[in-house]
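Engineer: Take a look at the following structure, please.
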Amino acid sequence: MGRVVDVFKALADPTRRTILDELTDRDGQTLFELCARLVTNHGLASSRQAISQHLDILETAGLVETRREGRYKFHYINTSPLEPIVERWLGGSPKSASTQDAGGRLDGGRDSAEGD
């Protein structure tokens with residue numbers, strides 16, 4: 001359960017969500033590349049140190065994985081920590097038709113006045 005808490009904490013910050021968006025668009029970026037794309041595409045002029053700290057939090061949550069190649073460190077998005085969250089609220093069996101109508105209402109679509 002601690003891992004899910006780390007994921008929510010990591011996703012709570014808009015800068016970290018933007019970093020994940022950038023990694024989704026182009027996976028395997030260095031810190032320098034990420035900083036440049038954040039400025040160019042989003043107007044986020046954070047320092048390299050600040051972005052590095054955000055990446056550390058994302059890595060602790062398991063949302064970012066890294067690979068070293070010589071003096072370069074490449075960052076990759078990892079969506080597997082999101083799977084338990086998706087399973088919890090979006091997985092499982094759908095509500096039965098008898099308790100939920102097409103509009104998602106649990107009363108079968110009846111107005112309260114109909115039952116009175």
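Labels for the structure tokens follow display order: chains A, B, ..., residues from 1 in each chain, ligands from 1.
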Contacts of Ile19 (chain A) at 12 Å or less, counting only C-alpha atoms, minus same-chain residues fewer than 4 places along, as number ranges by chain?

Structural biologist: A: 10-11, 13-15, 23-31, 33-39, 41-42, 44, 46, 50-59, 63-64, 75-77

Engineer: Convert the current residue selection to file output with C-alpha atoms, as an mmCIF file, in the first residue's frame.

Structural biologist:
data_model
loop_
_atom_site.group_PDB
_atom_site.id
_atom_site.type_symbol
_atom_site.label_atom_id
_atom_site.label_comp_id
_atom_site.auth_asym_id
_atom_site.auth_seq_id
_atom_site.Cartn_x
_atom_site.Cartn_y
_atom_site.Cartn_z
ATOM 1 C CA ALA A 10 4.322 11.925 -6.992
ATOM 2 C CA LEU A 11 1.306 12.692 -9.181
ATOM 3 C CA ASP A 13 2.579 17.966 -8.268
ATOM 4 C CA PRO A 14 1.786 19.568 -11.656
ATOM 5 C CA THR A 15 5.477 19.820 -12.593
ATOM 6 C CA LEU A 23 8.445 11.243 -21.135
ATOM 7 C CA THR A 24 5.248 9.890 -22.666
ATOM 8 C CA ASP A 25 5.843 12.016 -25.764
ATOM 9 C CA ARG A 26 9.535 11.099 -25.973
ATOM 10 C CA ASP A 27 10.831 8.362 -23.693
ATOM 11 C CA GLY A 28 14.495 8.004 -22.753
ATOM 12 C CA GLN A 29 15.536 11.623 -22.193
ATOM 13 C CA THR A 30 18.471 13.001 -20.248
ATOM 14 C CA LEU A 31 18.019 15.662 -17.588
ATOM 15 C CA GLU A 33 16.817 17.236 -22.702
ATOM 16 C CA LEU A 34 13.935 17.228 -20.228
ATOM 17 C CA CYS A 35 14.823 20.696 -18.947
ATOM 18 C CA ALA A 36 15.016 22.049 -22.496
ATOM 19 C CA ARG A 37 11.665 20.505 -23.492
ATOM 20 C CA LEU A 38 9.970 21.749 -20.306
ATOM 21 C CA VAL A 39 11.061 25.312 -21.103
ATOM 22 C CA ASN A 41 6.946 23.223 -24.644
ATOM 23 C CA HIS A 42 5.562 24.372 -21.298
ATOM 24 C CA LEU A 44 8.643 25.785 -17.117
ATOM 25 C CA SER A 46 12.877 25.333 -13.274
ATOM 26 C CA ALA A 50 14.701 21.203 -9.123
ATOM 27 C CA ILE A 51 13.854 18.940 -12.079
ATOM 28 C CA SER A 52 16.357 16.386 -10.770
ATOM 29 C CA GLN A 53 14.565 16.378 -7.399
ATOM 30 C CA HIS A 54 11.221 15.880 -9.150
ATOM 31 C CA LEU A 55 12.718 12.972 -11.099
ATOM 32 C CA ASP A 56 13.991 11.439 -7.843
ATOM 33 C CA ILE A 57 10.469 11.516 -6.396
ATOM 34 C CA LEU A 58 9.059 9.981 -9.577
ATOM 35 C CA GLU A 59 11.772 7.311 -9.465
ATOM 36 C CA LEU A 63 6.989 5.991 -12.263
ATOM 37 C CA VAL A 64 10.401 6.709 -13.789
ATOM 38 C CA HIS A 75 14.877 8.560 -17.950
ATOM 39 C CA TYR A 76 12.003 6.305 -18.987
ATOM 40 C CA ILE A 77 8.358 6.331 -17.947
#

Engineer: Give me the residues within 12 Å of Val4 (chain A) as a PDB file with C-alpha atoms, in the first residue's frame, counting only C-alpha atoms and dropping any in the same chain fewer than 3 places off.

Structural biologist:
ATOM      1  CA  MET A   1       0.000   0.000   0.000  1.00  0.00           C
ATOM      2  CA  VAL A   7       2.438   7.250  -6.602  1.00  0.00           C
ATOM      3  CA  PHE A   8      -0.306   9.623  -5.456  1.00  0.00           C
ATOM      4  CA  LYS A   9       2.236  11.933  -3.822  1.00  0.00           C
ATOM      5  CA  ALA A  10       4.322  11.925  -6.992  1.00  0.00           C
ATOM      6  CA  LEU A  11       1.306  12.692  -9.181  1.00  0.00           C
ATOM      7  CA  THR A  60      11.027   6.531  -5.793  1.00  0.00           C
ATOM      8  CA  ALA A  61       7.369   6.041  -6.739  1.00  0.00           C
ATOM      9  CA  GLY A  62       8.451   3.738  -9.567  1.00  0.00           C
ATOM     10  CA  LEU A  63       6.989   5.991 -12.263  1.00  0.00           C
ATOM     11  CA  SER A  80       3.191  -0.346 -13.973  1.00  0.00           C
ATOM     12  CA  PRO A  81       2.789   1.417 -10.571  1.00  0.00           C
ATOM     13  CA  LEU A  82      -0.491   2.835 -11.923  1.00  0.00           C
ATOM     14  CA  GLU A  83      -1.966  -0.639 -12.510  1.00  0.00           C
ATOM     15  CA  PRO A  84      -3.139  -1.243  -8.897  1.00  0.00           C
ATOM     16  CA  ILE A  85      -4.846   2.157  -8.945  1.00  0.00           C
ATOM     17  CA  VAL A  86      -6.573   1.442 -12.249  1.00  0.00           C
ATOM     18  CA  GLU A  87      -7.602  -2.019 -11.044  1.00  0.00           C
ATOM     19  CA  ARG A  88      -9.023  -0.641  -7.819  1.00  0.00           C
TER      20      ARG A  88
END

Engineer: Could you check how far CA of Glu69 (chain A) sits from CA of Glu22 (chain A), in Å to one decimal?

Structural biologist: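 One can read the CA of Glu69 (chain A) to CA of Glu22 (chain A) distance as 20.5 Å.
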
Engineer: Kindly give the distance, in Å, that separates CA of Gly91 (chain A) and CA of Arg3 (chain A), rounded to a single decimal.

Structural biologist: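 These two atoms are separated by 18.6 Å.
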
Engineer: In Å, rounded to a single decimal, give me how far CA of Thr18 (chain A) is from CA of Arg48 (chain A).

Structural biologist: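 The value is 14.8 Å.
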